[in-house]
file upload_18.cif (mmCIF, C-alpha atoms)
data_structure
#
loop_
_atom_site.group_PDB
_atom_site.id
_atom_site.type_symbol
_atom_site.label_atom_id
_atom_site.label_comp_id
_atom_site.auth_asym_id
_atom_site.auth_seq_id
_atom_site.Cartn_x
_atom_site.Cartn_y
_atom_site.Cartn_z
ATOM 1 C CA MET A 189 -118.949 6.232 -70.771
ATOM 2 C CA PHE A 190 -120.853 4.272 -73.417
ATOM 3 C CA ARG A 191 -124.058 4.393 -71.370
ATOM 4 C CA GLU A 192 -123.698 8.117 -70.810
ATOM 5 C CA LYS A 193 -123.194 8.798 -74.500
ATOM 6 C CA LEU A 194 -126.199 6.666 -75.402
ATOM 7 C CA GLN A 195 -128.372 8.349 -72.788
ATOM 8 C CA ARG A 196 -127.380 11.794 -74.005
ATOM 9 C CA ALA A 197 -128.109 10.835 -77.614
ATOM 10 C CA VAL A 198 -131.561 9.419 -76.817
ATOM 11 C CA LEU A 199 -132.542 12.470 -74.769
ATOM 12 C CA ARG A 200 -131.393 14.831 -77.507
ATOM 13 C CA GLY A 201 -133.227 12.731 -80.080
ATOM 14 C CA ILE A 202 -136.485 13.054 -78.146
ATOM 15 C CA LYS A 203 -135.978 16.791 -77.679
ATOM 16 C CA ASN A 204 -135.276 17.271 -81.388
ATOM 17 C CA THR A 205 -138.346 15.229 -82.294
ATOM 18 C CA LEU A 206 -140.576 17.461 -80.168
ATOM 19 C CA ALA A 207 -139.026 20.582 -81.702
ATOM 20 C CA VAL A 208 -139.579 19.301 -85.240
ATOM 21 C CA LEU A 209 -143.135 18.211 -84.434
ATOM 22 C CA TRP A 210 -143.932 21.717 -83.223
ATOM 23 C CA LEU A 211 -142.456 23.170 -86.412
ATOM 24 C CA LEU A 212 -144.412 20.702 -88.540
ATOM 25 C CA THR A 213 -147.631 21.485 -86.666
ATOM 26 C CA LYS A 214 -147.203 25.175 -87.394
ATOM 27 C CA VAL A 215 -146.475 24.412 -91.059
ATOM 28 C CA MET A 216 -148.631 21.413 -91.864
ATOM 29 C CA VAL A 217 -151.938 22.061 -90.145
ATOM 30 C CA PRO A 218 -152.684 25.366 -91.947
ATOM 31 C CA ALA A 219 -151.562 23.896 -95.291
ATOM 32 C CA THR A 220 -153.742 20.823 -94.848
ATOM 33 C CA LEU A 221 -156.722 22.974 -93.868
ATOM 34 C CA ILE A 222 -156.337 25.135 -96.984
ATOM 35 C CA VAL A 223 -156.153 22.144 -99.321
ATOM 36 C CA THR A 224 -159.079 20.447 -97.608
ATOM 37 C CA PHE A 225 -161.104 23.631 -98.052
ATOM 38 C CA LEU A 226 -160.156 23.823 -101.762
ATOM 39 C CA ASP A 227 -161.204 20.210 -102.169
ATOM 40 C CA ILE A 228 -164.554 20.492 -100.357
ATOM 41 C CA SER A 229 -165.520 23.797 -101.941
ATOM 42 C CA GLY A 230 -164.804 22.416 -105.418
ATOM 43 C CA TRP A 231 -161.994 24.856 -106.202
ATOM 44 C CA LEU A 232 -159.463 22.041 -106.632
ATOM 45 C CA GLY A 233 -161.596 20.841 -109.552
ATOM 46 C CA TYR A 234 -161.644 24.325 -111.145
ATOM 47 C CA LEU A 235 -157.867 24.603 -110.755
ATOM 48 C CA SER A 236 -157.381 21.276 -112.507
ATOM 49 C CA ALA A 237 -159.690 22.251 -115.379
ATOM 50 C CA TRP A 238 -157.773 25.500 -115.819
ATOM 51 C CA PHE A 239 -154.474 23.659 -116.219
ATOM 52 C CA SER A 240 -155.668 20.996 -118.702
ATOM 53 C CA PRO A 241 -154.820 22.831 -121.996
ATOM 54 C CA PHE A 242 -151.128 22.855 -120.997
ATOM 55 C CA MET A 243 -151.020 19.096 -120.391
ATOM 56 C CA GLY A 244 -150.856 18.380 -124.140
ATOM 57 C CA TRP A 245 -147.378 19.908 -124.395
ATOM 58 C CA LEU A 246 -146.121 17.364 -121.885
ATOM 59 C CA GLY A 247 -147.670 14.457 -123.755
ATOM 60 C CA LEU A 248 -150.175 14.030 -120.965
ATOM 61 C CA PRO A 249 -153.989 13.889 -121.042
ATOM 62 C CA GLY A 250 -155.993 16.709 -119.464
ATOM 63 C CA GLU A 251 -156.859 14.610 -116.428
ATOM 64 C CA ALA A 252 -153.132 14.401 -115.552
ATOM 65 C CA ALA A 253 -153.481 17.953 -114.235
ATOM 66 C CA VAL A 254 -155.298 16.538 -111.191
ATOM 67 C CA PRO A 255 -152.337 14.568 -109.770
ATOM 68 C CA LEU A 256 -149.963 17.401 -110.695
ATOM 69 C CA VAL A 257 -152.061 20.016 -108.905
ATOM 70 C CA ALA A 258 -152.758 17.706 -105.953
ATOM 71 C CA GLY A 259 -149.099 16.737 -105.645
ATOM 72 C CA ASN A 260 -147.825 20.282 -105.827
ATOM 73 C CA ILE A 261 -150.398 21.790 -103.490
ATOM 74 C CA SER A 262 -150.925 18.854 -101.144
ATOM 75 C CA GLY A 263 -148.188 16.225 -101.255
ATOM 76 C CA LEU A 264 -146.445 13.481 -103.167
ATOM 77 C CA TYR A 265 -148.725 10.822 -101.690
ATOM 78 C CA ALA A 266 -151.813 12.708 -102.843
ATOM 79 C CA GLY A 267 -150.289 13.096 -106.311
ATOM 80 C CA ALA A 268 -149.374 9.418 -106.565
ATOM 81 C CA GLY A 269 -152.828 8.450 -105.305
ATOM 82 C CA ALA A 270 -154.571 10.639 -107.896
ATOM 83 C CA MET A 271 -152.266 9.189 -110.566
ATOM 84 C CA THR A 272 -153.577 5.670 -109.988
ATOM 85 C CA VAL A 273 -157.140 6.818 -110.736
ATOM 86 C CA ILE A 274 -156.511 8.018 -114.322
ATOM 87 C CA SER A 275 -155.422 5.702 -117.157
ATOM 88 C CA LEU A 276 -151.951 6.419 -118.543
ATOM 89 C CA THR A 277 -149.380 4.693 -120.762
ATOM 90 C CA ALA A 278 -146.038 3.636 -119.188
ATOM 91 C CA LYS A 279 -144.361 6.650 -120.864
ATOM 92 C CA GLN A 280 -146.963 9.049 -119.473
ATOM 93 C CA GLN A 281 -146.585 7.457 -116.030
ATOM 94 C CA LEU A 282 -142.814 8.005 -116.057
ATOM 95 C CA ILE A 283 -143.193 11.645 -117.188
ATOM 96 C CA LEU A 284 -145.750 12.328 -114.483
ATOM 97 C CA ALA A 285 -143.699 10.516 -111.797
ATOM 98 C CA ALA A 286 -140.578 12.517 -112.713
ATOM 99 C CA MET A 287 -142.478 15.830 -112.579
ATOM 100 C CA LEU A 288 -144.121 14.935 -109.267
ATOM 101 C CA MET A 289 -140.881 13.773 -107.624
ATOM 102 C CA LEU A 290 -139.079 16.963 -108.658
ATOM 103 C CA SER A 291 -141.884 19.299 -107.618
ATOM 104 C CA HIS A 292 -144.386 18.531 -104.842
ATOM 105 C CA SER A 293 -145.728 19.769 -101.477
ATOM 106 C CA LEU A 294 -144.781 23.323 -102.422
ATOM 107 C CA PRO A 295 -146.497 25.160 -99.501
ATOM 108 C CA GLN A 296 -145.179 22.740 -96.863
ATOM 109 C CA GLU A 297 -141.630 22.325 -98.167
ATOM 110 C CA GLY A 298 -141.476 25.983 -99.158
ATOM 111 C CA ALA A 299 -142.201 26.908 -95.533
ATOM 112 C CA ILE A 300 -139.267 24.772 -94.367
ATOM 113 C CA VAL A 301 -136.964 26.429 -96.911
ATOM 114 C CA ALA A 302 -138.112 29.825 -95.631
ATOM 115 C CA GLN A 303 -137.401 28.781 -92.025
ATOM 116 C CA ALA A 304 -133.912 27.664 -93.031
ATOM 117 C CA GLY A 305 -133.017 30.932 -94.727
ATOM 118 C CA GLY A 306 -133.313 29.893 -98.370
ATOM 119 C CA LYS A 307 -134.829 32.136 -101.058
ATOM 120 C CA THR A 308 -138.233 30.443 -101.153
ATOM 121 C CA ALA A 309 -139.632 32.077 -104.292
ATOM 122 C CA MET A 310 -136.504 31.208 -106.245
ATOM 123 C CA VAL A 311 -136.386 27.618 -104.960
ATOM 124 C CA ILE A 312 -140.060 27.081 -105.862
ATOM 125 C CA ALA A 313 -139.573 28.636 -109.300
ATOM 126 C CA MET A 314 -136.570 26.351 -109.909
ATOM 127 C CA ARG A 315 -138.579 23.285 -108.888
ATOM 128 C CA ILE A 316 -141.526 24.074 -111.174
ATOM 129 C CA GLY A 317 -139.160 25.028 -114.002
ATOM 130 C CA THR A 318 -137.096 21.845 -113.630
ATOM 131 C CA ALA A 319 -140.240 19.682 -113.499
ATOM 132 C CA LEU A 320 -141.655 21.305 -116.660
ATOM 133 C CA ALA A 321 -138.335 21.094 -118.545
ATOM 134 C CA THR A 322 -137.904 17.451 -117.516
ATOM 135 C CA GLY A 323 -141.460 16.657 -118.667
ATOM 136 C CA LEU A 324 -140.870 18.324 -122.057
ATOM 137 C CA VAL A 325 -137.497 16.591 -122.584
ATOM 138 C CA LEU A 326 -138.798 13.162 -121.506
ATOM 139 C CA GLN A 327 -141.844 13.440 -123.790
ATOM 140 C CA TRP A 328 -139.397 14.130 -126.636
ATOM 141 C CA ILE A 329 -136.653 11.534 -125.969
ATOM 142 C CA ILE A 330 -138.519 8.434 -124.716
ATOM 143 C CA MET B 246 -170.708 27.343 -92.489
ATOM 144 C CA LYS B 247 -171.132 23.653 -93.253
ATOM 145 C CA VAL B 248 -168.110 23.808 -95.574
ATOM 146 C CA LEU B 249 -166.009 25.398 -92.835
ATOM 147 C CA THR B 250 -166.855 22.831 -90.166
ATOM 148 C CA LYS B 251 -166.282 20.004 -92.639
ATOM 149 C CA THR B 252 -162.932 21.552 -93.586
ATOM 150 C CA LEU B 253 -161.907 21.828 -89.957
ATOM 151 C CA ARG B 254 -162.980 18.292 -89.139
ATOM 152 C CA LEU B 255 -161.358 16.596 -92.172
ATOM 153 C CA GLY B 256 -158.297 18.847 -92.118
ATOM 154 C CA LEU B 257 -157.562 18.301 -88.456
ATOM 155 C CA VAL B 258 -158.128 14.552 -88.630
ATOM 156 C CA SER B 259 -155.765 14.200 -91.594
ATOM 157 C CA SER B 260 -153.195 16.519 -89.943
ATOM 158 C CA ILE B 261 -153.185 14.527 -86.733
ATOM 159 C CA SER B 262 -152.937 11.213 -88.569
ATOM 160 C CA SER B 263 -149.982 12.422 -90.664
ATOM 161 C CA LEU B 264 -148.275 13.878 -87.581
ATOM 162 C CA ALA B 265 -148.695 10.533 -85.838
ATOM 163 C CA LYS B 266 -147.231 8.705 -88.842
ATOM 164 C CA ILE B 267 -144.316 11.137 -88.963
ATOM 165 C CA THR B 268 -143.627 10.744 -85.236
ATOM 166 C CA GLY B 269 -143.372 6.986 -85.716
ATOM 167 C CA ILE B 270 -140.574 7.437 -88.248
ATOM 168 C CA LEU B 271 -139.072 10.619 -86.833
ATOM 169 C CA LEU B 272 -138.445 9.559 -83.238
ATOM 170 C CA PRO B 273 -136.321 6.441 -83.899
ATOM 171 C CA LEU B 274 -134.593 8.194 -86.786
ATOM 172 C CA LEU B 275 -133.590 11.291 -84.830
ATOM 173 C CA ILE B 276 -132.398 9.155 -81.903
ATOM 174 C CA LEU B 277 -130.340 7.062 -84.334
ATOM 175 C CA LEU B 278 -128.953 10.230 -85.906
ATOM 176 C CA GLU B 279 -127.977 11.601 -82.474
ATOM 177 C CA ILE B 280 -126.285 8.294 -81.657
ATOM 178 C CA ALA B 281 -124.459 8.469 -85.002
ATOM 179 C CA GLN B 282 -123.355 11.994 -84.148
ATOM 180 C CA GLU B 283 -122.358 11.104 -80.576
ATOM 181 C CA PHE B 284 -120.184 8.210 -81.754
ATOM 182 C CA GLY B 285 -118.776 10.071 -84.757
ATOM 183 C CA TRP B 286 -120.365 7.988 -87.542
ATOM 184 C CA LEU B 287 -122.107 10.877 -89.256
ATOM 185 C CA LYS B 288 -118.739 12.551 -89.764
ATOM 186 C CA LYS B 289 -117.560 9.587 -91.831
ATOM 187 C CA ILE B 290 -120.631 9.530 -94.095
ATOM 188 C CA SER B 291 -120.443 13.278 -94.505
ATOM 189 C CA GLN B 292 -116.747 13.141 -95.352
ATOM 190 C CA ALA B 293 -117.583 10.721 -98.142
ATOM 191 C CA LEU B 294 -120.131 13.233 -99.475
ATOM 192 C CA GLY B 295 -117.686 16.152 -99.231
ATOM 193 C CA GLY B 296 -116.355 15.516 -102.729
ATOM 194 C CA LEU B 297 -119.877 15.503 -104.173
ATOM 195 C CA CYS B 298 -120.629 18.824 -102.473
ATOM 196 C CA ARG B 299 -117.467 20.429 -103.827
ATOM 197 C CA ARG B 300 -118.370 19.328 -107.343
ATOM 198 C CA LEU B 301 -121.833 20.877 -106.929
ATOM 199 C CA GLY B 302 -120.342 24.171 -105.745
ATOM 200 C CA LEU B 303 -121.542 23.659 -102.159
ATOM 201 C CA PRO B 304 -119.393 24.464 -99.094
ATOM 202 C CA PRO B 305 -117.938 21.557 -97.024
ATOM 203 C CA GLN B 306 -120.453 22.097 -94.188
ATOM 204 C CA ALA B 307 -123.223 21.176 -96.672
ATOM 205 C CA ALA B 308 -122.224 17.488 -96.416
ATOM 206 C CA VAL B 309 -124.342 16.804 -93.296
ATOM 207 C CA PRO B 310 -127.595 18.404 -94.549
ATOM 208 C CA VAL B 311 -127.062 16.838 -97.996
ATOM 209 C CA ALA B 312 -126.629 13.371 -96.448
ATOM 210 C CA ALA B 313 -129.662 13.815 -94.159
ATOM 211 C CA GLY B 314 -131.935 15.354 -96.798
ATOM 212 C CA LEU B 315 -131.006 13.046 -99.654
ATOM 213 C CA PHE B 316 -131.425 9.799 -97.733
ATOM 214 C CA ILE B 317 -133.769 10.576 -94.844
ATOM 215 C CA GLY B 318 -135.983 13.238 -96.356
ATOM 216 C CA PHE B 319 -137.067 16.801 -96.131
ATOM 217 C CA THR B 320 -139.688 17.010 -93.410
ATOM 218 C CA TYR B 321 -138.274 14.154 -91.348
ATOM 219 C CA SER B 322 -134.791 15.666 -91.204
ATOM 220 C CA ALA B 323 -135.982 19.279 -90.852
ATOM 221 C CA GLY B 324 -134.406 19.409 -87.362
ATOM 222 C CA VAL B 325 -130.980 18.349 -88.620
ATOM 223 C CA LEU B 326 -131.251 20.654 -91.613
ATOM 224 C CA LEU B 327 -132.280 23.692 -89.572
ATOM 225 C CA ALA B 328 -129.614 23.037 -86.938
ATOM 226 C CA SER B 329 -126.739 22.605 -89.378
ATOM 227 C CA VAL B 330 -127.815 25.644 -91.376
ATOM 228 C CA LYS B 331 -128.000 27.796 -88.239
ATOM 229 C CA GLU B 332 -124.676 26.556 -86.838
ATOM 230 C CA GLY B 333 -122.617 26.868 -90.014
ATOM 231 C CA ASP B 334 -121.276 29.925 -91.733
ATOM 232 C CA TRP B 335 -123.222 30.228 -94.986
ATOM 233 C CA ALA B 336 -123.289 32.755 -97.803
ATOM 234 C CA GLN B 337 -126.798 33.485 -99.123
ATOM 235 C CA HIS B 338 -126.071 31.941 -102.520
ATOM 236 C CA GLU B 339 -124.739 28.768 -100.869
ATOM 237 C CA LEU B 340 -127.966 28.399 -98.885
ATOM 238 C CA THR B 341 -130.049 28.931 -102.020
ATOM 239 C CA LEU B 342 -127.962 26.357 -103.899
ATOM 240 C CA LEU B 343 -128.337 23.838 -101.058
ATOM 241 C CA TRP B 344 -132.106 24.288 -100.982
ATOM 242 C CA VAL B 345 -132.508 24.095 -104.759
ATOM 243 C CA PHE B 346 -130.557 20.815 -104.732
ATOM 244 C CA LEU B 347 -132.392 19.363 -101.731
ATOM 245 C CA SER B 348 -135.887 20.469 -102.829
ATOM 246 C CA LEU B 349 -135.400 18.698 -106.155
ATOM 247 C CA SER B 350 -133.969 15.485 -104.671
ATOM 248 C CA HIS B 351 -134.779 14.340 -101.154
ATOM 249 C CA ALA B 352 -136.034 11.169 -99.489
ATOM 250 C CA ILE B 353 -134.899 9.428 -102.661
ATOM 251 C CA PHE B 354 -135.571 5.917 -101.347
ATOM 252 C CA GLU B 355 -139.015 6.578 -99.936
ATOM 253 C CA ASP B 356 -140.328 8.610 -102.901
ATOM 254 C CA THR B 357 -138.936 6.229 -105.503
ATOM 255 C CA VAL B 358 -140.522 3.210 -103.859
ATOM 256 C CA ILE B 359 -144.016 4.774 -104.060
ATOM 257 C CA PHE B 360 -143.814 5.106 -107.843
ATOM 258 C CA ALA B 361 -142.037 1.772 -108.242
ATOM 259 C CA ALA B 362 -145.100 0.309 -106.520
ATOM 260 C CA LEU B 363 -147.139 1.590 -109.513
ATOM 261 C CA GLY B 364 -144.983 -0.616 -111.775
ATOM 262 C CA LEU B 365 -142.303 1.813 -113.011
ATOM 263 C CA PRO B 366 -138.645 0.642 -113.152
ATOM 264 C CA LEU B 367 -136.624 1.761 -110.122
ATOM 265 C CA VAL B 368 -133.479 2.793 -112.008
ATOM 266 C CA ALA B 369 -135.467 4.898 -114.484
ATOM 267 C CA LEU B 370 -137.230 6.648 -111.605
ATOM 268 C CA LEU B 371 -133.927 7.489 -109.885
ATOM 269 C CA LEU B 372 -132.405 8.726 -113.173
ATOM 270 C CA VAL B 373 -135.290 11.027 -114.159
ATOM 271 C CA ARG B 374 -134.993 12.701 -110.766
ATOM 272 C CA LEU B 375 -131.235 12.788 -110.091
ATOM 273 C CA VAL B 376 -130.024 13.782 -113.586
ATOM 274 C CA PRO B 377 -132.168 16.961 -113.805
ATOM 275 C CA THR B 378 -131.267 17.777 -110.170
ATOM 276 C CA PHE B 379 -127.516 17.633 -110.836
ATOM 277 C CA LEU B 380 -127.800 19.549 -114.129
ATOM 278 C CA VAL B 381 -129.832 22.364 -112.569
ATOM 279 C CA THR B 382 -127.616 22.603 -109.462
ATOM 280 C CA LEU B 383 -124.434 22.671 -111.571
ATOM 281 C CA ALA B 384 -125.892 25.346 -113.873
ATOM 282 C CA LEU B 385 -126.964 27.478 -110.909
ATOM 283 C CA ALA B 386 -123.552 27.080 -109.207
ATOM 284 C CA HIS B 387 -121.920 28.158 -112.461
ATOM 285 C CA TYR B 388 -124.197 31.219 -112.620
ATOM 286 C CA PHE B 389 -123.420 32.187 -109.005
ATOM 287 C CA ARG B 390 -119.676 31.809 -109.625
ATOM 288 C CA SER B 391 -119.771 33.947 -112.762
ATOM 289 C CA ARG B 392 -121.815 36.582 -110.954
ATOM 290 C CA THR B 393 -119.460 36.873 -107.971
ATOM 291 C CA ALA B 394 -116.460 37.008 -110.328
ATOM 292 C CA LEU B 395 -117.887 40.005 -112.216
ATOM 293 C CA PRO B 396 -117.628 43.559 -110.892
ATOM 294 C CA ARG B 397 -120.788 44.584 -109.064
ATOM 295 C CA PRO B 398 -123.099 47.159 -110.726
ATOM 296 C CA ALA B 399 -122.193 49.769 -108.082
ATOM 297 C CA ASP B 400 -118.493 49.519 -109.014
ATOM 298 C CA THR B 401 -119.131 50.120 -112.693
ATOM 299 C CA ASN B 402 -121.575 53.021 -112.132
ATOM 300 C CA LEU B 403 -124.382 51.309 -114.014
#

call {"tool": "encode", "arguments": {"input": "upload_18.cif", "output": "structure tokens"}}
result
Amino acid sequence: MFREKLQRAVLRGIKNTLAVLWLLTKVMVPATLIVTFLDISGWLGYLSAWFSPFMGWLGLPGEAAVPLVAGNISGLYAGAGAMTVISLTAKQQLILAAMLMLSHSLPQEGAIVAQAGGKTAMVIAMRIGTALATGLVLQWII
Amino acid sequence: MKVLTKTLRLGLVSSISSLAKITGILLPLLILLEIAQEFGWLKKISQALGGLCRRLGLPPQAAVPVAAGLFIGFTYSAGVLLASVKEGDWAQHELTLLWVFLSLSHAIFEDTVIFAALGLPLVALLLVRLVPTFLVTLALAHYFRSRTALPRPADTNL
């Protein structure tokens, strides 16, 4: 009885893993290719430069746009990695960390939301909105 | 042409390496989750989260995806999330609410540890993520409730 249950669970776990890996391959590979292209062609740099004037409102330097853009387009790890490159005060680090944790990997996670029947555009808008509002409030209260 | 081949090479290498990393975490985790389900443990954790879901305006069947997403993560628990969403009976606004909540806060241990590694206090990191998440989810639930309570535009001939 116990053995049977365990066997069934392990088999189902393996099957689920394969199913998720297939889903992730469909979602992640195109997203990674797009971001890599943006990076190599220099467009990621242009995007960051375009966003820098807005950074002041959040109490962040212009360079902070790079981790924000990288995190939102690519992933949280990319954002955190880019964050270590620029010099920030502890307050600026917390603001940036909060914004990145609330809103990141938008193409990849947005695709999962779409697969699961959520309203993707609304979910993404709420994430960006919440991140911006949190950044503004934090810059004001801490 | 050079840009394209470089893109393909770097993009595919990084995709394969992240897929390999994910498999390493995903396989034991999904087996453990299936064992938990087979022996009825997940039901107990989910029951504990039922009260939280009700307070957030989520239906009772949201407890399992909320538990999986919040603690395990978004991409890693995609299988559990997709399965429970497809099995359950969900209204569109409930699904949207679930995904707004989970997109804002997921994998809270893993994500927090990355930034804590940069030297930021752990509690502060959890607070700046969870407080906005709960406020936004509560506000959205309130909006959905007020909208369903009002007569629809078609009924009032607007």

call {"tool": "resolve_selection", "arguments": {"input": "upload_18.cif", "expression": "the PyMOL selection byres ((chain B) within 6 of (chain A))", "output": "MDAnalysis selection string"}}
result
chainID B and resid 252 256 260 272 275:276 279:280 324 327 340:341 345 349 373:374

call {"tool": "resolve_selection", "arguments": {"input": "upload_18.cif", "expression": "the PyMOL selection byres ((chain B and resi 302) around 9)", "output": "PyMOL selection string"}}
result
chain B and resi 297-301+303-304+339+342+382-383+386-387+390

call {"tool": "atom_distance", "arguments": {"input": "upload_18.cif", "atom1": "CA of Gly285 in chain B", "atom2": "CA of Thr378 in chain B"}}
result
29.3 Å

call {"tool": "atom_distance", "arguments": {"input": "upload_18.cif", "atom1": "CA of Gln280 in chain A", "atom2": "CA of Leu246 in chain A"}}
result
8.7 Å

call {"tool": "resolve_selection", "arguments": {"input": "upload_18.cif", "expression": "the PyMOL selection byres ((chain B and resi 312) around 12)", "output": "PyMOL selection string"}}
result
chain B and resi 278+287-295+297-298+305-311+313-319+322+325-326+329+343+346-347+350-353

call {"tool": "atom_distance", "arguments": {"input": "upload_18.cif", "atom1": "CA of Trp328 in chain A", "atom2": "CA of Phe242 in chain A"}}
result
15.7 Å

call {"tool": "residues_around", "arguments": {"input": "upload_18.cif", "residues": "Pro249 in chain A", "least_positions_apart": "2", "cutoff": "10 Å", "atoms": "all atoms listed in the file", "output": "PyMOL selection string"}}
result
chain A and resi 240-247+251-253+274-276+280

call {"tool": "write_last_selection", "arguments": {"input": "upload_18.cif", "atoms": "C-alpha atoms", "output": "compact mmCIF listing (two decimals), keeping the file's coordinate frame"}}
result
# COMPACT_ATOMS: atom_id res chain seq x y z
CA SER A 240 -155.67 21.00 -118.70
CA PRO A 241 -154.82 22.83 -122.00
CA PHE A 242 -151.13 22.86 -121.00
CA MET A 243 -151.02 19.10 -120.39
CA GLY A 244 -150.86 18.38 -124.14
CA TRP A 245 -147.38 19.91 -124.40
CA LEU A 246 -146.12 17.36 -121.88
CA GLY A 247 -147.67 14.46 -123.76
CA GLU A 251 -156.86 14.61 -116.43
CA ALA A 252 -153.13 14.40 -115.55
CA ALA A 253 -153.48 17.95 -114.24
CA ILE A 274 -156.51 8.02 -114.32
CA SER A 275 -155.42 5.70 -117.16
CA LEU A 276 -151.95 6.42 -118.54
CA GLN A 280 -146.96 9.05 -119.47

call {"tool": "closest_residue", "arguments": {"input": "upload_18.cif", "among": "A:Glu192, A:Gly267, A:Tyr234, A:Lys214", "to": "Phe360 in chain B", "atoms": "all atoms listed in the file"}}
result
A:Gly267
